[in-house]
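What follows is a set of notes on a single structure, which appears directly below.
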Number of protein chains: 2
Amino acid sequence: MYTIQKIGIIGSGNVATCLAHALQAKGFFIDTVFSRDITHAQNLASQLHGTKATNNLHALDVNLDVYFMAVTDDAIIKTASQIKLNGLVVHTSGSVALAVLETQPRRGVFYPLQTITKNTAPNFEQVPILIEAADKTDENILLQLATSLSNRALLANSEQRQSLHLAAVFANNFTNHLMGIAKQILQQSNLPNDLLNPLILQTAQNAINNNPFDVQTGPVMRNDIETINTHLNLLQHYPQYRQVYELLSGSIGALKHQKKV
Amino acid sequence: MYTIQKIGIIGSGNVATCLAHALQAKGFFIDTVFSRDITHAQNLASQLHGTKATNNLHALDVNLDVYFMAVTDDAIIKTASQIKLNGLVVHTSGSVALAVLETQPRRGVFYPLQTITKNTAPNFEQVPILIEAADKTDENILLQLATSLSNRALLANSEQRQSLHLAAVFANNFTNHLMGIAKQILQQSNLPNDLLNPLILQTAQNAINNNPFDVQTGPVMRNDIETINTHLNLLQHYPQYRQVYELLSGSIGALKHQKKV
């Protein structure tokens, strides 16, 4: 067991905020919050116990145990080029390689695989945390930290993490967009917009409990050309959604065909 | 209150099976199950109490109270053209107009808005049921039946039901396909395929609790061209998925642009 005494949080956005709260709730001490905007840093620090706020990177104590760099992908590179910290520096991004932190003597990645907004603070126990580090000791420190927050801590190299992030774009960003289109269609038909909620939940449950390709349903799977044409017709004034409908129907059809062959 | 004494089930697939069980559980008597395949009819009838099975449409008692025609869209038209029943005949399809049943003196629609497979029998109390009927008395009978199964019974005309079915294709069929792609990406990176499950559930929760367009995240929303290029590169050997990625990113970007304008 390693003793993590003091943690620095670089960033004050959704991930920084949720992570700081989750770490403090598990007994870790957040020493300082850095943000380029001092009011953001102060706002987050004021929610924590005995935490300092700064907007000056060079005022940051270089000897904290772990620094979480929870900032945009661009800002990770920029920030890492401006300071050299003695403690373990980790970023929290799915798509940025560990190598980007090579300016830091000790570096790692601590990627919580979840959609995180301040309003929907996740229960971290349920959030898989993917760990990578430049050496074994730091890897173990991060695994220990991740295990104290989550039931699911695992190692993933930068390449795997990139693929996982790509998968998350399909499973979250794209599905969310489609559900937005669905709700808009309801609205335009004067139907209550919560009508799809049970379907949305069941769809997620089915995708969790099965290989989604094995439980695919819909007009394409039934070769129901008439319904497809009705739908395309309903979308005639929405060329963008019509194109999405056509392409996704084609993609489902292509997989169905592959399975048969 | 109307007294529904005897129900006929035409069909033996997923919807027919779940509906028959749900109706019986609420105290309705399923008199007969019809299926073109007598073993299918017998199989479903044997799961019920005192229910007959037949594969002969003309052997069906024409004086049952309500007939549920839970068969494929094509078969609804075909079946309705072959018999004339005195009771109330309803189909359970989202995409078929009520008018298709015009051969029947009393007709209606009873559409459960949920993805229904025999393995994932839904809790009908949570399933919205959309009702349409050719006259007010039959509409009330169907509302009464729907209310006894579900907390959410509502009227929708054929046009609204078609739009709702289109919306359901986006919210279920298409999102399921994308989650299948996501899980396939994990598999190809030797990552455990349940890793995305918390994200999938949270995505559904967020889409339920918000207008999904308002909580859209991802590389397109952040103008993160570098990540988009990395993802397109990862998909270089999967032209079909790459096309889906490009189109959906474009669709998200177009909405983002509209909002800004």
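Starting from 1 in every chain, residues are counted up; chains themselves are A, B, ... following the order of the structure tokens, and ligands are numbered from 1 as listed.
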Next on the checklist: Could you list, as number ranges by chain, every residue within 9 Å of segment 113-126 of chain A, counting only C-alpha atoms and ignoring same-chain residues fewer than 6 positions away?
Outcome noted: A: 13-15, 17-19, 22, 94, 147-152, 164-165, 168, 172; B: 195-196, 198-200, 202-203, 206, 215, 217
Checklist entry - Do you know which residues are at most 12 Å from Ala99 of chain B counting only C-alpha atoms, after dropping those on the same chain fewer than 2 positions away, and could you put them as a list in words? => result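 Close residues of Ala99 of chain B: Ile76, Ile77, Ala80, Val89, Val90, His91, Ser95, Val96, Ala97, Leu101, Glu102, Thr103, Gln104, Pro105, Arg106, Arg107, Gly108, Val109, Glu132, Ala133, Ala134, Asn157, Ser158 and Glu159 of chain B.
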Checklist entry - Among segment 60-96 of chain B, which residues carry a DSSP assignment of helix (DSSP H, G or I), reported as a PyMOL selection string? => result chain B and resi 73-82
So that I have them on file, write out the residues from the current selection with C-alpha atoms, as a compact mmCIF listing (two decimals), in the first residue's frame.
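result-v4.txt written:
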```txt
# COMPACT_ATOMS: atom_id res chain seq x y z
CA ASP B 73 -47.73 -6.45 -40.81
CA ASP B 74 -48.27 -8.42 -44.03
CA ALA B 75 -50.22 -11.11 -42.24
CA ILE B 76 -52.62 -8.57 -40.70
CA ILE B 77 -53.98 -7.65 -44.13
CA LYS B 78 -54.00 -11.23 -45.34
CA THR B 79 -55.71 -12.61 -42.26
CA ALA B 80 -58.29 -9.83 -42.14
CA SER B 81 -59.27 -10.55 -45.73
CA GLN B 82 -59.98 -14.21 -44.96
```
Next on the checklist: Could you list, as a PyMOL selection string, every residue within 8 Å of Ile10 of chain B, counting only C-alpha atoms and ignoring same-chain residues fewer than 2 positions away?
Outcome noted: chain B and resi 8+12+16+33-35+67-71
File of the preceding selection, C-alpha atoms, as a PDB file, in the first residue's frame:
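Result saved to selection.pdb:
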```
ATOM      1  CA  GLY B   8     -58.928 -14.698 -29.023  1.00  0.00           C
ATOM      2  CA  SER B  12     -48.073 -17.080 -31.502  1.00  0.00           C
ATOM      3  CA  ALA B  16     -48.899 -12.682 -28.954  1.00  0.00           C
ATOM      4  CA  VAL B  33     -54.975 -19.247 -29.845  1.00  0.00           C
ATOM      5  CA  PHE B  34     -54.784 -19.353 -33.633  1.00  0.00           C
ATOM      6  CA  SER B  35     -51.532 -19.929 -35.494  1.00  0.00           C
ATOM      7  CA  TYR B  67     -59.411 -10.679 -30.957  1.00  0.00           C
ATOM      8  CA  PHE B  68     -55.765  -9.600 -30.776  1.00  0.00           C
ATOM      9  CA  MET B  69     -54.123  -9.977 -34.159  1.00  0.00           C
ATOM     10  CA  ALA B  70     -50.464 -10.038 -33.146  1.00  0.00           C
ATOM     11  CA  VAL B  71     -48.929 -11.120 -36.452  1.00  0.00           C
TER      12      VAL B  71
END
```
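Nearest to chain A of all the residues B:Thr230, B:His257, B:Asp214, B:Met179 is B:Met179, counting only C-alpha atoms.
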Item to check | Residues within 10 Å of segment 184-189 of chain A, only C-alpha atoms, excluding chain neighbours under 4 positions, as number ranges by chain | outcome: A: 178-180, 193-196, 234-235; B: 156, 159-168, 170, 211-213
Checklist entry - Which residue, B:Ile131, B:Leu255, B:Leu248, B:Met221, has the smallest gap to chain A when you use only C-alpha atoms? => result B:Leu248
What's the 6 Å shell around Asp31 of chain B, counting only C-alpha atoms, without same-chain residues fewer than 4 positions away, as a PDB file with N, CA, C and O atoms, in the first residue's frame?
```pdb
ATOM      1  N   LYS B   6     -64.331 -13.247 -23.255  1.00  0.00           N
ATOM      2  CA  LYS B   6     -63.493 -14.216 -23.976  1.00  0.00           C
ATOM      3  C   LYS B   6     -62.610 -13.507 -24.992  1.00  0.00           C
ATOM      4  O   LYS B   6     -63.090 -12.696 -25.797  1.00  0.00           O
ATOM      5  N   ILE B   7     -61.334 -13.852 -24.954  1.00  0.00           N
ATOM      6  CA  ILE B   7     -60.367 -13.223 -25.855  1.00  0.00           C
ATOM      7  C   ILE B   7     -59.783 -14.260 -26.799  1.00  0.00           C
ATOM      8  O   ILE B   7     -59.503 -15.399 -26.399  1.00  0.00           O
ATOM      9  N   GLY B   8     -59.614 -13.856 -28.049  1.00  0.00           N
ATOM     10  CA  GLY B   8     -58.928 -14.698 -29.023  1.00  0.00           C
ATOM     11  C   GLY B   8     -57.564 -14.104 -29.334  1.00  0.00           C
ATOM     12  O   GLY B   8     -57.418 -12.882 -29.437  1.00  0.00           O
ATOM     13  N   THR B  51     -57.277 -22.935 -22.560  1.00  0.00           N
ATOM     14  CA  THR B  51     -57.251 -22.284 -23.863  1.00  0.00           C
ATOM     15  C   THR B  51     -57.152 -23.325 -24.982  1.00  0.00           C
ATOM     16  O   THR B  51     -56.387 -24.278 -24.890  1.00  0.00           O
TER      17      THR B  51
END
```
Checklist entry - Among segment 104-162 of chain B, which ones does DSSP place in strand (DSSP E or B), written as an MDAnalysis selection string? => result chainID B and resid 107:112 129:133 153:155
Output of the above residues as a compact mmCIF listing (two decimals), in the first residue's frame, restricted to N, CA, C and O atoms:
```txt
# COMPACT_ATOMS: atom_id res chain seq x y z
N ARG B 107 -63.37 -2.72 -35.25
CA ARG B 107 -61.91 -2.82 -35.41
C ARG B 107 -61.18 -1.76 -34.59
O ARG B 107 -61.74 -0.71 -34.26
N GLY B 108 -59.94 -2.07 -34.28
CA GLY B 108 -59.14 -1.15 -33.49
C GLY B 108 -57.66 -1.50 -33.54
O GLY B 108 -57.25 -2.45 -34.23
N VAL B 109 -56.89 -0.71 -32.83
CA VAL B 109 -55.44 -0.94 -32.72
C VAL B 109 -55.07 -0.89 -31.24
O VAL B 109 -55.60 -0.07 -30.48
N PHE B 110 -54.18 -1.77 -30.86
CA PHE B 110 -53.71 -1.90 -29.48
C PHE B 110 -52.21 -2.10 -29.59
O PHE B 110 -51.72 -3.21 -29.75
N TYR B 111 -51.46 -0.96 -29.58
CA TYR B 111 -50.03 -1.01 -29.88
C TYR B 111 -49.20 -0.82 -28.61
O TYR B 111 -49.14 0.27 -28.06
N PRO B 112 -48.55 -1.89 -28.14
CA PRO B 112 -47.66 -1.74 -26.98
C PRO B 112 -46.31 -1.22 -27.47
O PRO B 112 -45.66 -1.86 -28.29
N ILE B 129 -49.40 1.92 -23.99
CA ILE B 129 -50.23 1.23 -24.98
C ILE B 129 -51.05 2.27 -25.73
O ILE B 129 -51.77 3.07 -25.13
N LEU B 130 -50.89 2.26 -27.06
CA LEU B 130 -51.57 3.26 -27.89
C LEU B 130 -52.80 2.65 -28.53
O LEU B 130 -52.72 1.58 -29.15
N ILE B 131 -53.90 3.34 -28.38
CA ILE B 131 -55.22 2.83 -28.73
C ILE B 131 -55.80 3.64 -29.88
O ILE B 131 -55.69 4.86 -29.91
N GLU B 132 -56.45 2.92 -30.79
CA GLU B 132 -57.26 3.58 -31.81
C GLU B 132 -58.44 2.65 -32.09
O GLU B 132 -58.29 1.42 -32.04
N ALA B 133 -59.60 3.20 -32.37
CA ALA B 133 -60.75 2.35 -32.71
C ALA B 133 -61.64 3.08 -33.68
O ALA B 133 -61.58 4.31 -33.80
N ALA B 153 -52.06 4.28 -20.81
CA ALA B 153 -52.89 3.99 -21.98
C ALA B 153 -53.27 5.32 -22.61
O ALA B 153 -53.69 6.24 -21.91
N LEU B 154 -53.08 5.45 -23.91
CA LEU B 154 -53.45 6.72 -24.54
C LEU B 154 -53.92 6.51 -25.97
O LEU B 154 -53.62 5.49 -26.60
N LEU B 155 -54.67 7.49 -26.44
CA LEU B 155 -55.19 7.44 -27.80
C LEU B 155 -54.17 8.00 -28.77
O LEU B 155 -53.48 8.97 -28.47
```
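Distances from B:Leu232, B:Ala25, B:Ile225, B:Ala254 to His177 of chain A were compared using only C-alpha atoms, and the smallest one belongs to B:Ala254.
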Checklist entry - A:Gly253, A:Pro128, A:Leu98, A:Gln258: which is nearest chain B, counting only C-alpha atoms? => result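 Among the listed residues, the smallest separation from chain B belongs to A:Pro128.
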Next on the checklist: Which residues are near Tyr245 of chain B? Cut-off 9 Å, only C-alpha atoms, ignore same chain within fewer than 2 positions. Put them as JSON, numbers by chain.
Outcome noted: {"A": [169, 170, 174], "B": [231, 232, 235, 240, 241, 242, 243, 247, 248, 249, 250]}
Go ahead and write the selection's residues with C-alpha atoms as an mmCIF file, in the first residue's frame.
```cif
data_model
loop_
_atom_site.group_PDB
_atom_site.id
_atom_site.type_symbol
_atom_site.label_atom_id
_atom_site.label_comp_id
_atom_site.auth_asym_id
_atom_site.auth_seq_id
_atom_site.Cartn_x
_atom_site.Cartn_y
_atom_site.Cartn_z
ATOM 1 C CA VAL A 169 -18.531 7.601 -29.082
ATOM 2 C CA PHE A 170 -20.777 4.999 -30.751
ATOM 3 C CA PHE A 174 -24.182 8.706 -31.429
ATOM 4 C CA HIS B 231 -11.175 7.619 -34.803
ATOM 5 C CA LEU B 232 -11.530 7.673 -38.584
ATOM 6 C CA LEU B 235 -11.894 2.619 -38.595
ATOM 7 C CA GLN B 240 -19.130 0.612 -43.232
ATOM 8 C CA TYR B 241 -18.591 1.782 -39.658
ATOM 9 C CA ARG B 242 -16.412 4.642 -40.843
ATOM 10 C CA GLN B 243 -19.281 5.864 -43.009
ATOM 11 C CA LEU B 247 -22.488 10.705 -41.222
ATOM 12 C CA LEU B 248 -23.510 10.830 -37.553
ATOM 13 C CA SER B 249 -20.686 13.244 -36.729
ATOM 14 C CA GLY B 250 -21.912 15.401 -39.591
#
```
